[in-house]
Amino acid sequence: MLSAPTVALIGKLKTQKPIAAYSSGDSFINVNKITEKAGAAYEKLRYLIDYKDDRHIRRSAIERIIKRRILFEGGEGLGLSLIQELIAGRYLPNNTISEHAAIDVEKIISKYKMLESANPSDLREEPRSRKILVRLMASELEAFFYPNSEDDFVVDAFYETIKDSVRIEEMISNQIIQTQILIACYRSLLNTDDETLFYKLWLKRLPVDWETFEDENALRNIGAKSVQIWKEIRVSLEHPLSYKLLPRFYNYGIYFSDIREVVRAYGAESERVLSDHAGLKEFAKKFLAKNYTQQYAKVRGSAIRAVFYIFLTKMLLALALEVPYQMYFLKSIEYTPIATNLLFHPFLLFFVTMSVRPLGDENTRSIIGGVEGVLSGDDIKLIKIKVNGTGFFNSLFLFLYAILFLVVFGAIVGALRGWNWSIVSIFLFVCFLTLVSYFALRIRHSANKWKVAKEDDRIITLAFNLFALPIVRAGKWLSRKFSSINLFAFVLDFIIETPFKMLLHISDAFVSFLKEKQEDTY
């Protein structure tokens with residue numbers, strides 16, 4: 001028997017409105033092949049030096065184009081040019097997007113422009129208002145170009161299934177707890193980034209259907225409340241509770257990911273598979289066997305991208321400091337530290353990521369059992385979370401962790417000093433080690449997306465995690481704090497991209513002109 005959240009999911013799938021299709025009589029937006037190839041090559045280069053998960057690249061590309069168009073061109077006539085750039089970058093298929101779509105894009109953009117101008121005094125109170133509006137606009141445009149209501153339906157089912165099983169041992173309002181559970185569901189199931197989550201929470205906070213909202217007068221009321229809503233959303237995204245829930249939601253995220261694949265494959269007919277034990281088991285076996293291979297193969301590409309990203313955005317800049325330091329202060333060049341910093345860390349990244357092993361039948365059986373449990377609602381375990389540790393033991397554990405942190409990094413620094421490394425070389429080695437360890441962990445986690453987590457209390461595993469934890473956490477902190485320091489991405493975005501995209505636009509227009517003249521000769 002299916003649980004109430006599963007029944008509600010099936011009901012939404014059956015009653016959802018079909019995606020509006022443009023009439024076959026519409027003309028379609030076309031980009032010539034040369035422009036498309038050049039644009040696609042540029043986009044690959046752009047995201048080779050700006051490491052992002054594949055799922056987040058599309059929204060990021062839309063935001064980047066909007067920023068550039070508004071900054072350099074005022075944002076006028078953005079609808080058609082945005083679609084053309086997305087086609088040139090192969091984010092949208094060529095010669096399949098109706099010209100009428102440009103009008104709908106303009107309506108979305110105009111809505112945010114009206115929101116900005118409706119209450120300028122209120123928005124000036126928020127120094128990041130323009131950035132927030134652009135991110136919201138980019139998220140809505142991504143939803144317009146790539147509509148996917150089914151994912152939200154599955155997240156809602158995930159949320160409804162698990163929300164009553166979460167117990168928070170702190171005095172926190174129920175509204176905050178429910179919001180944090182929803183955020184954790186999105187992050188666990190879809191790996192949703194904060195920018196898209198901001199948009200999802202924005203939609204839930206508004207009393208209207210924002211995606212179809214066109215009442216200009218009512219925008220004044222929304223504009224007056226928007227700054228306060230944005231502050232509340234930002235607080236929700238930064239709250240530690242959702243991050244504490246993530247590891248506890250991990251296996252459930254895998255189970256609902258399998259349900260999501262059923263929904264993708266069968267749509268409104270999903271009830272037939274979800275209600276059939278044998279059919280669901282057969283679907284899961286075939287899908288997981290194929291996906292295990294795909295996830296394992298993606299590790300290589302992710303590792304290569306991570307190496308290029310760290311090398312181009314961090315290592316080259318750092319080495320530009322290390323070599324002059326050695327020449328001017330040490331009066332000689334130490335080749336061993338330079339070579340080590342260049343070669344050791346990429347090797348470490350490849351070693352850690354390539355040690356991932358394909359999953360097998362035992363993992364598949366665990367997933368099938370878990371899926372059946374969440375579909376019936378009978379196998380949801382109680383999840384207890386303590387948000388802020390207090391008391392003597394918590395203080396003691398924090399002190400011991402600080403000691404462990406000093407021991408791990410002290411041992412590394414001590415060993416390098418014993419080899420007569422300079423302080424700059426040691427600093428760069430430690431920074432690269434933490435960053436590479438963090439990226440390797442992320443890639444391994446992605447490769448093991450479908451691996452059901454089990455308790456591993458082996459001494460060797462506990463010892464490795466104990467000493468690797470300070471390094472990985474330091475790499476995570478460095479990655480987040482200095483993610484915006486990317487000189488190469490800045491050069492591409494603000495110096496190279498504008499003239500390059502303008503050249504592509506002129507090239508595309510010239511090819512269209514030649515075709516018209518060629519047709520006139522017949």
# chains A, B, ... in the order shown; residues from 1 in each chain; ligands from 1
>>> select_by_dssp(residues="segment 126-213 of chain A", states="alpha helix (DSSP H)", output="ChimeraX atom specification")
/A:129-145,149-162,174-190,194-205
>>> residues_around(residues="Met354 of chain A", least_positions_apart="3", cutoff="8 Å", atoms="only C-alpha atoms", output="ChimeraX atom specification")
/A:299-300,350-351,357
>>> residues_around(residues="Val155 of chain A", least_positions_apart="4", cutoff="7 Å", atoms="only C-alpha atoms", output="VMD selection string")
chain A and resid 151 159 185 to 186
>>> residues_around(residues="Ala184 of chain A", least_positions_apart="3", cutoff="7 Å", atoms="only C-alpha atoms", output="list in words")
Gln180, Ile181, Arg187, Ser188, Ser242, Leu245 and Leu246 of chain A
>>> closest_residue(among="A:Cys431, A:Leu288, A:Leu469, A:Leu441", to="Val408 of chain A", atoms="only C-alpha atoms")
A:Leu469
>>> atom_distance(atom1="atom CA of Phe432 of chain A", atom2="atom CA of Phe347 of chain A")
12.0 Å
>>> closest_residue(among="A:Ile367, A:Ile70, A:Ile229, A:Ala101", to="Lys285 of chain A", atoms="only C-alpha atoms")
A:Ile367
>>> residues_around(residues="His345 of chain A", least_positions_apart="5", cutoff="10 Å", atoms="only C-alpha atoms", output="list in words")
Val307, Ile310, Phe311, Thr340, Phe350, Phe351, Phe429, Phe432, Leu433, Thr434, Leu435, Val436 and Ser437 of chain A
>>> write_last_selection(atoms="N, CA and C atoms", output="PDB file, in the first residue's frame")
ATOM      1  N   VAL A 307      41.578  19.395 -11.654  1.00  0.00           N
ATOM      2  CA  VAL A 307      43.017  19.672 -11.765  1.00  0.00           C
ATOM      3  C   VAL A 307      43.243  20.967 -12.534  1.00  0.00           C
ATOM      4  N   ILE A 310      42.108  24.033 -10.342  1.00  0.00           N
ATOM      5  CA  ILE A 310      43.042  24.387  -9.263  1.00  0.00           C
ATOM      6  C   ILE A 310      44.351  24.913  -9.843  1.00  0.00           C
ATOM      7  N   PHE A 311      44.815  24.283 -10.926  1.00  0.00           N
ATOM      8  CA  PHE A 311      46.084  24.723 -11.503  1.00  0.00           C
ATOM      9  C   PHE A 311      45.976  26.142 -12.068  1.00  0.00           C
ATOM     10  N   THR A 340      57.303  19.650  -6.601  1.00  0.00           N
ATOM     11  CA  THR A 340      56.373  18.926  -5.726  1.00  0.00           C
ATOM     12  C   THR A 340      54.999  19.573  -5.731  1.00  0.00           C
ATOM     13  N   PHE A 350      44.112  12.414  -8.522  1.00  0.00           N
ATOM     14  CA  PHE A 350      43.790  11.279  -9.374  1.00  0.00           C
ATOM     15  C   PHE A 350      43.787   9.973  -8.578  1.00  0.00           C
ATOM     16  N   PHE A 351      44.726   9.823  -7.652  1.00  0.00           N
ATOM     17  CA  PHE A 351      44.801   8.595  -6.865  1.00  0.00           C
ATOM     18  C   PHE A 351      43.550   8.419  -6.011  1.00  0.00           C
ATOM     19  N   PHE A 429      52.166  24.438  -0.252  1.00  0.00           N
ATOM     20  CA  PHE A 429      51.928  23.000  -0.204  1.00  0.00           C
ATOM     21  C   PHE A 429      50.711  22.682   0.645  1.00  0.00           C
ATOM     22  N   PHE A 432      47.451  23.862  -1.147  1.00  0.00           N
ATOM     23  CA  PHE A 432      47.090  22.971  -2.244  1.00  0.00           C
ATOM     24  C   PHE A 432      46.610  21.615  -1.719  1.00  0.00           C
ATOM     25  N   LEU A 433      47.260  21.129  -0.666  1.00  0.00           N
ATOM     26  CA  LEU A 433      46.871  19.840  -0.086  1.00  0.00           C
ATOM     27  C   LEU A 433      45.431  19.874   0.411  1.00  0.00           C
ATOM     28  N   THR A 434      45.069  20.941   1.111  1.00  0.00           N
ATOM     29  CA  THR A 434      43.701  21.037   1.650  1.00  0.00           C
ATOM     30  C   THR A 434      42.676  21.182   0.523  1.00  0.00           C
ATOM     31  N   LEU A 435      42.995  22.014  -0.471  1.00  0.00           N
ATOM     32  CA  LEU A 435      42.065  22.217  -1.579  1.00  0.00           C
ATOM     33  C   LEU A 435      41.871  20.935  -2.387  1.00  0.00           C
ATOM     34  N   VAL A 436      42.975  20.268  -2.716  1.00  0.00           N
ATOM     35  CA  VAL A 436      42.891  19.035  -3.497  1.00  0.00           C
ATOM     36  C   VAL A 436      42.148  17.953  -2.716  1.00  0.00           C
ATOM     37  N   SER A 437      42.392  17.851  -1.429  1.00  0.00           N
ATOM     38  CA  SER A 437      41.702  16.850  -0.604  1.00  0.00           C
ATOM     39  C   SER A 437      40.206  17.107  -0.592  1.00  0.00           C
TER      40      SER A 437
END
>>> residues_around(residues="segment 80-91 of chain A", least_positions_apart="2", cutoff="9 Å", atoms="only C-alpha atoms", output="ChimeraX atom specification")
/A:29-33,35-44,58,61-62,65-66,69,77-78,93-95,97,99,101-103,105-106,501,504-505
>>> atom_distance(atom1="atom CA of Leu13 of chain A", atom2="atom CA of Ala268 of chain A")
4.9 Å
>>> closest_residue(among="A:Pro358, A:Gly475, A:Gly370, A:Gly377", to="Asp164 of chain A", atoms="only C-alpha atoms")
A:Gly377
>>> decode(residues="segment 75-88 of chain A", atoms="all heavy atoms", output="PDB file, in the first residue's frame")
ATOM      1  N   GLY A  75      20.617  45.970 -21.083  1.00  0.00           N
ATOM      2  CA  GLY A  75      19.612  44.932 -20.960  1.00  0.00           C
ATOM      3  C   GLY A  75      18.435  45.070 -21.905  1.00  0.00           C
ATOM      4  O   GLY A  75      17.436  44.365 -21.764  1.00  0.00           O
ATOM      5  N   GLU A  76      18.516  45.973 -22.872  1.00  0.00           N
ATOM      6  CA  GLU A  76      17.403  46.151 -23.812  1.00  0.00           C
ATOM      7  C   GLU A  76      17.421  45.041 -24.870  1.00  0.00           C
ATOM      8  O   GLU A  76      18.480  44.664 -25.376  1.00  0.00           O
ATOM      9  CB  GLU A  76      17.497  47.518 -24.484  1.00  0.00           C
ATOM     10  CG  GLU A  76      17.411  48.695 -23.504  1.00  0.00           C
ATOM     11  CD  GLU A  76      16.120  48.709 -22.721  1.00  0.00           C
ATOM     12  OE1 GLU A  76      15.083  48.286 -23.273  1.00  0.00           O
ATOM     13  OE2 GLU A  76      16.136  49.126 -21.548  1.00  0.00           O
ATOM     14  N   GLY A  77      16.239  44.549 -25.217  1.00  0.00           N
ATOM     15  CA  GLY A  77      16.139  43.496 -26.220  1.00  0.00           C
ATOM     16  C   GLY A  77      16.876  42.242 -25.832  1.00  0.00           C
ATOM     17  O   GLY A  77      17.487  41.569 -26.672  1.00  0.00           O
ATOM     18  N   LEU A  78      16.847  41.917 -24.547  1.00  0.00           N
ATOM     19  CA  LEU A  78      17.659  40.825 -24.029  1.00  0.00           C
ATOM     20  C   LEU A  78      17.101  39.450 -24.401  1.00  0.00           C
ATOM     21  O   LEU A  78      17.852  38.481 -24.496  1.00  0.00           O
ATOM     22  CB  LEU A  78      17.768  40.954 -22.502  1.00  0.00           C
ATOM     23  CG  LEU A  78      18.633  39.953 -21.742  1.00  0.00           C
ATOM     24  CD1 LEU A  78      20.024  39.907 -22.318  1.00  0.00           C
ATOM     25  CD2 LEU A  78      18.679  40.311 -20.272  1.00  0.00           C
ATOM     26  N   GLY A  79      15.785  39.344 -24.622  1.00  0.00           N
ATOM     27  CA  GLY A  79      15.161  38.047 -24.833  1.00  0.00           C
ATOM     28  C   GLY A  79      15.761  37.264 -25.977  1.00  0.00           C
ATOM     29  O   GLY A  79      16.234  36.130 -25.808  1.00  0.00           O
ATOM     30  N   LEU A  80      15.786  37.838 -27.175  1.00  0.00           N
ATOM     31  CA  LEU A  80      16.286  37.140 -28.353  1.00  0.00           C
ATOM     32  C   LEU A  80      17.782  36.876 -28.250  1.00  0.00           C
ATOM     33  O   LEU A  80      18.254  35.781 -28.551  1.00  0.00           O
ATOM     34  CB  LEU A  80      15.983  37.955 -29.611  1.00  0.00           C
ATOM     35  CG  LEU A  80      16.462  37.352 -30.939  1.00  0.00           C
ATOM     36  CD1 LEU A  80      15.824  35.994 -31.160  1.00  0.00           C
ATOM     37  CD2 LEU A  80      16.154  38.301 -32.097  1.00  0.00           C
ATOM     38  N   SER A  81      18.550  37.877 -27.811  1.00  0.00           N
ATOM     39  CA  SER A  81      20.008  37.702 -27.733  1.00  0.00           C
ATOM     40  C   SER A  81      20.388  36.659 -26.687  1.00  0.00           C
ATOM     41  O   SER A  81      21.354  35.910 -26.873  1.00  0.00           O
ATOM     42  CB  SER A  81      20.681  39.039 -27.413  1.00  0.00           C
ATOM     43  OG  SER A  81      20.224  39.560 -26.179  1.00  0.00           O
ATOM     44  N   LEU A  82      19.625  36.579 -25.592  1.00  0.00           N
ATOM     45  CA  LEU A  82      19.896  35.567 -24.571  1.00  0.00           C
ATOM     46  C   LEU A  82      19.688  34.170 -25.142  1.00  0.00           C
ATOM     47  O   LEU A  82      20.537  33.278 -24.952  1.00  0.00           O
ATOM     48  CB  LEU A  82      18.984  35.782 -23.358  1.00  0.00           C
ATOM     49  CG  LEU A  82      19.027  34.701 -22.272  1.00  0.00           C
ATOM     50  CD1 LEU A  82      20.404  34.629 -21.647  1.00  0.00           C
ATOM     51  CD2 LEU A  82      17.974  34.961 -21.201  1.00  0.00           C
ATOM     52  N   ILE A  83      18.595  33.967 -25.853  1.00  0.00           N
ATOM     53  CA  ILE A  83      18.321  32.660 -26.445  1.00  0.00           C
ATOM     54  C   ILE A  83      19.395  32.306 -27.470  1.00  0.00           C
ATOM     55  O   ILE A  83      19.868  31.161 -27.528  1.00  0.00           O
ATOM     56  CB  ILE A  83      16.923  32.645 -27.088  1.00  0.00           C
ATOM     57  CG1 ILE A  83      15.846  32.802 -26.006  1.00  0.00           C
ATOM     58  CG2 ILE A  83      16.694  31.347 -27.862  1.00  0.00           C
ATOM     59  CD1 ILE A  83      14.447  32.923 -26.544  1.00  0.00           C
ATOM     60  N   GLN A  84      19.801  33.293 -28.285  1.00  0.00           N
ATOM     61  CA  GLN A  84      20.829  33.033 -29.289  1.00  0.00           C
ATOM     62  C   GLN A  84      22.150  32.617 -28.636  1.00  0.00           C
ATOM     63  O   GLN A  84      22.829  31.702 -29.124  1.00  0.00           O
ATOM     64  CB  GLN A  84      21.032  34.282 -30.159  1.00  0.00           C
ATOM     65  CG  GLN A  84      19.887  34.556 -31.125  1.00  0.00           C
ATOM     66  CD  GLN A  84      20.044  35.867 -31.855  1.00  0.00           C
ATOM     67  OE1 GLN A  84      20.649  36.819 -31.341  1.00  0.00           O
ATOM     68  NE2 GLN A  84      19.492  35.954 -33.065  1.00  0.00           N
ATOM     69  N   GLU A  85      22.517  33.271 -27.544  1.00  0.00           N
ATOM     70  CA  GLU A  85      23.765  32.915 -26.861  1.00  0.00           C
ATOM     71  C   GLU A  85      23.676  31.526 -26.236  1.00  0.00           C
ATOM     72  O   GLU A  85      24.651  30.772 -26.238  1.00  0.00           O
ATOM     73  CB  GLU A  85      24.109  33.957 -25.800  1.00  0.00           C
ATOM     74  CG  GLU A  85      24.731  35.218 -26.353  1.00  0.00           C
ATOM     75  CD  GLU A  85      25.557  35.952 -25.314  1.00  0.00           C
ATOM     76  OE1 GLU A  85      26.216  35.280 -24.493  1.00  0.00           O
ATOM     77  OE2 GLU A  85      25.545  37.185 -25.324  1.00  0.00           O
ATOM     78  N   LEU A  86      22.521  31.189 -25.676  1.00  0.00           N
ATOM     79  CA  LEU A  86      22.361  29.870 -25.069  1.00  0.00           C
ATOM     80  C   LEU A  86      22.394  28.780 -26.135  1.00  0.00           C
ATOM     81  O   LEU A  86      22.913  27.680 -25.896  1.00  0.00           O
ATOM     82  CB  LEU A  86      21.045  29.812 -24.289  1.00  0.00           C
ATOM     83  CG  LEU A  86      20.988  30.663 -23.018  1.00  0.00           C
ATOM     84  CD1 LEU A  86      19.593  30.641 -22.407  1.00  0.00           C
ATOM     85  CD2 LEU A  86      22.012  30.170 -21.997  1.00  0.00           C
ATOM     86  N   ILE A  87      21.862  29.074 -27.316  1.00  0.00           N
ATOM     87  CA  ILE A  87      21.946  28.116 -28.424  1.00  0.00           C
ATOM     88  C   ILE A  87      23.393  27.989 -28.894  1.00  0.00           C
ATOM     89  O   ILE A  87      23.890  26.880 -29.132  1.00  0.00           O
ATOM     90  CB  ILE A  87      21.040  28.557 -29.594  1.00  0.00           C
ATOM     91  CG1 ILE A  87      19.564  28.456 -29.190  1.00  0.00           C
ATOM     92  CG2 ILE A  87      21.294  27.696 -30.833  1.00  0.00           C
ATOM     93  CD1 ILE A  87      18.612  29.012 -30.231  1.00  0.00           C
ATOM     94  N   ALA A  88      24.079  29.125 -29.019  1.00  0.00           N
ATOM     95  CA  ALA A  88      25.485  29.102 -29.444  1.00  0.00           C
ATOM     96  C   ALA A  88      26.357  28.332 -28.456  1.00  0.00           C
ATOM     97  O   ALA A  88      27.332  27.673 -28.848  1.00  0.00           O
ATOM     98  CB  ALA A  88      26.006  30.527 -29.616  1.00  0.00           C
TER      99      ALA A  88
END
